[in-house]
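Peer 1: Let me begin by handing over the structure; questions about it come next.
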Amino acid sequence: MANTESERKLLCRLGVEARYIPQNMFIDESMYHPRPDIERSYDAIYNAQLAPFKRHYLARTIPSCAYITKLFSHFPAEHKRASIAKFLGELPRGHTVLNDIADGDVRLMDHLQVNRALAGAHVGLCLSKVEGAMYASAEYLLAGLPVVSTPSAGGRDAFFHPDTCLIVDAPRAVQDGVAAMKAPNLPPDYVRSVTIGFIDQQRDAFNRFIDALRGRAAQTSDRRWSFAYHHKLSQFGSLSDFDASSPMSAAPIRLAPRAGGRATERRTVRR
């Protein structure tokens, strides 16, 4: 699965069969939605880990901005404390971090807290130059926020639409872009519906692809998918847990030994 057409073409040139499948279509849209009961008090919000490639500094000139952030758990404690202190010390007036911060670390927010936080802002920000799908880019849109993004590589623009997203180039243009996307006061339900329209097209193509591999259409309890779906296709557990719950059976196949080596075994999965 390739997150961009350029990635798909590169893989094909290397002899790898690949399909364009934008990763953000696997977000569960029921987790992010407009909250008209919450007043918008920030011009913009930026949901991004505290890392240089996220380029938080591009938001500095926005009059008011909220941040949802995190630090990787494997970072040394001293690095975390220093990063947080530096970021908080450089925040302009009118900017704030919405996460709780305690014991030198940022407390993660669950999706309910994130959705509530998004509802308190007019525009969502995407400021990195290169990264992958950037789940937050789609979460903003599903929550009804238009997006201001810098030019980027990696695929976060898969569900951008001229009505709901503005691409800006220079640092000062981020502030101007936020003002431009805030002014029309787009109905959040419109922003969400445009995005879901894009997502549904990609999901339909993906489901047909899966059905073709399977050789038949499958009946599932979730009409959106032709397979057992998990948010972001993520499911955590031990390998034995997955083996025990899998509806598929695995049979070992003995492979001929390599020259000077031992025979190996692989497992095939079949219905």
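Naming scheme: A, B, ... for chains in displayed order of the structure tokens; residues 1 onward per chain; ligands 1 onward as shown.
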Output as a VMD selection string all residues of range 127-222 of chain A that backbone DSSP marks as alpha helix (DSSP H).
Peer 2: chain A and resid 135 to 142 171 to 182 188 to 214
Peer 1: For the interface of range 98-135 of chain A with range 190-209 of chain A (cut-off 12 Å, counting only C-alpha atoms), please tabulate each contacting residue of range 98-135 of chain A alongside its nearest pair of atoms and their separation in Å to one decimal, rows sorted by chain and increasing number, as a Markdown table.
Peer 2:
| residue | atom | partner | partner_atom | distance |
| --- | --- | --- | --- | --- |
| A:His122 | CA | A:Val191 | CA | 11.8 |
| A:Val123 | CA | A:Val191 | CA | 11.2 |
| A:Gly124 | CA | A:Val191 | CA | 11.9 |
Peer 1: Give me the residues of range 112-214 of chain A that have any atom at most 7 Å from an atom of range 18-42 of chain A; for each, the nearest atom pair and the distance in Å, rounded to one decimal. Use only C-alpha atoms, sort by chain and number, and format it as a tab-separated table.
Peer 2:
residue	atom	partner	partner_atom	distance
A:Asn115	CA	A:Tyr32	CA	5.5
A:Ala119	CA	A:Arg35	CA	5.6
A:Gly120	CA	A:Arg40	CA	4.0
A:Ala121	CA	A:Tyr42	CA	4.5
A:His122	CA	A:Arg40	CA	6.2
A:Ala133	CA	A:Gln23	CA	6.1
A:Tyr135	CA	A:Asn24	CA	6.0
A:Ala138	CA	A:Asn24	CA	6.5
A:Glu139	CA	A:Tyr32	CA	6.1
A:Leu142	CA	A:His33	CA	5.5
A:Ala143	CA	A:His33	CA	3.9
A:Gly144	CA	A:Pro34	CA	5.2
A:Ala158	CA	A:Pro22	CA	6.6
A:Pro188	CA	A:Pro34	CA	6.0
A:Asp189	CA	A:Pro34	CA	6.8
A:Ile199	CA	A:Met25	CA	5.4
A:Arg203	CA	A:Met25	CA	6.8
Peer 1: Closest to Asp103 in chain A among A:Leu127, A:Arg116, A:Cys65, A:Lys80, using only C-alpha atoms?
Peer 2: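 Going through A:Leu127, A:Arg116, A:Cys65, A:Lys80 one by one, the smallest distance to Asp103 in chain A is for A:Lys80.
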Peer 1: I'd like to know which of A:Ala183, A:Leu98, A:Ile84, A:Leu108 is closest to Lys70 in chain A, using only C-alpha atoms.
Peer 2: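 Smallest distance to Lys70 in chain A is found for A:Leu108.
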Peer 1: Nearest to Asp43 in chain A among A:Thr96, A:Ser6, A:Ser128, A:Thr164, with distances taken over only C-alpha atoms: which residue is it?
Peer 2: A:Thr96
Peer 1: Go through A:Val148, A:Leu213, A:Ile101, A:Cys126 one by one, measure the shortest atom-to-atom distance of each to Gln175 in chain A using only C-alpha atoms, and give the residue with the smallest value.
Peer 2: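 For Gln175 in chain A, the nearest of the given residues is A:Val148.
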Peer 1: Would you compute the distance between CA of Gly94 in chain A and CA of Pro63 in chain A? Give it in Å to one decimal.
Peer 2: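 About the pair CA of Gly94 in chain A and CA of Pro63 in chain A: they are 6.3 Å apart.
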Peer 1: Using backbone DSSP assignments, extract all strand (DSSP E) residues from range 3-158 of chain A; output them as a PyMOL selection string.
Peer 2: chain A and resi 42-47+65-68+95-97+101-102+105-106+121-126+147-149
Peer 1: Could you check how far CA of Lys232 in chain A sits from CA of Phe72 in chain A, in Å to one decimal?
Peer 2: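 Distance between the two atoms: 18.9 Å.
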Peer 1: Enter the distance from CA of Ala153 in chain A to CA of Glu131 in chain A, in Å, rounded to one decimal.
Peer 2: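 About the pair CA of Ala153 in chain A and CA of Glu131 in chain A: they are 6.5 Å apart.
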Peer 1: Could you list, as a list in words, every residue within 12 Å of Pro92 in chain A, counting only C-alpha atoms and ignoring same-chain residues fewer than 6 positions away?
Peer 2: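 Non-adjacent residues within range: His56, Tyr57, Leu58, Ala59, Arg60, Thr61, Ile62, Pro63, Ser64, Cys65 and Ala66 of chain A.
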Peer 1: Would you mind exporting N, CA and C atoms of the selected residues as a short mmCIF file (atom, residue, chain, number, x, y, z; two decimals), in the first residue's frame?
Peer 2:
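Full text of selection-v4.cif as output:
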data_model
loop_
_atom_site.label_atom_id
_atom_site.label_comp_id
_atom_site.auth_asym_id
_atom_site.auth_seq_id
_atom_site.Cartn_x
_atom_site.Cartn_y
_atom_site.Cartn_z
N HIS A 56 6.80 24.18 14.42
CA HIS A 56 5.85 24.97 15.19
C HIS A 56 6.09 26.47 15.05
N TYR A 57 7.33 26.84 14.78
CA TYR A 57 7.66 28.27 14.71
C TYR A 57 6.89 29.00 13.62
N LEU A 58 6.37 28.28 12.63
CA LEU A 58 5.61 28.93 11.56
C LEU A 58 4.27 29.47 12.06
N ALA A 59 3.85 29.04 13.24
CA ALA A 59 2.57 29.51 13.79
C ALA A 59 2.74 30.71 14.71
N ARG A 60 3.95 31.17 14.91
CA ARG A 60 4.22 32.17 15.94
C ARG A 60 3.47 33.49 15.75
N THR A 61 3.22 33.89 14.51
CA THR A 61 2.60 35.20 14.27
C THR A 61 1.07 35.15 14.26
N ILE A 62 0.49 33.97 14.43
CA ILE A 62 -0.97 33.87 14.52
C ILE A 62 -1.42 34.49 15.85
N PRO A 63 -2.43 35.35 15.85
CA PRO A 63 -2.83 36.02 17.09
C PRO A 63 -3.14 35.08 18.25
N SER A 64 -3.86 33.99 17.99
CA SER A 64 -4.13 33.02 19.06
C SER A 64 -4.07 31.61 18.48
N CYS A 65 -3.40 30.74 19.20
CA CYS A 65 -3.21 29.37 18.69
C CYS A 65 -3.11 28.40 19.86
N ALA A 66 -3.78 27.27 19.74
CA ALA A 66 -3.71 26.21 20.73
C ALA A 66 -2.90 25.05 20.17
#
Peer 1: Restricting the calculation to only C-alpha atoms: of A:Phe75, A:Ala44, A:Gly154, A:Leu10, which residue gets closest to Ala180 in chain A?
Peer 2: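 Under the stated criterion, the closest residue is A:Ala44.
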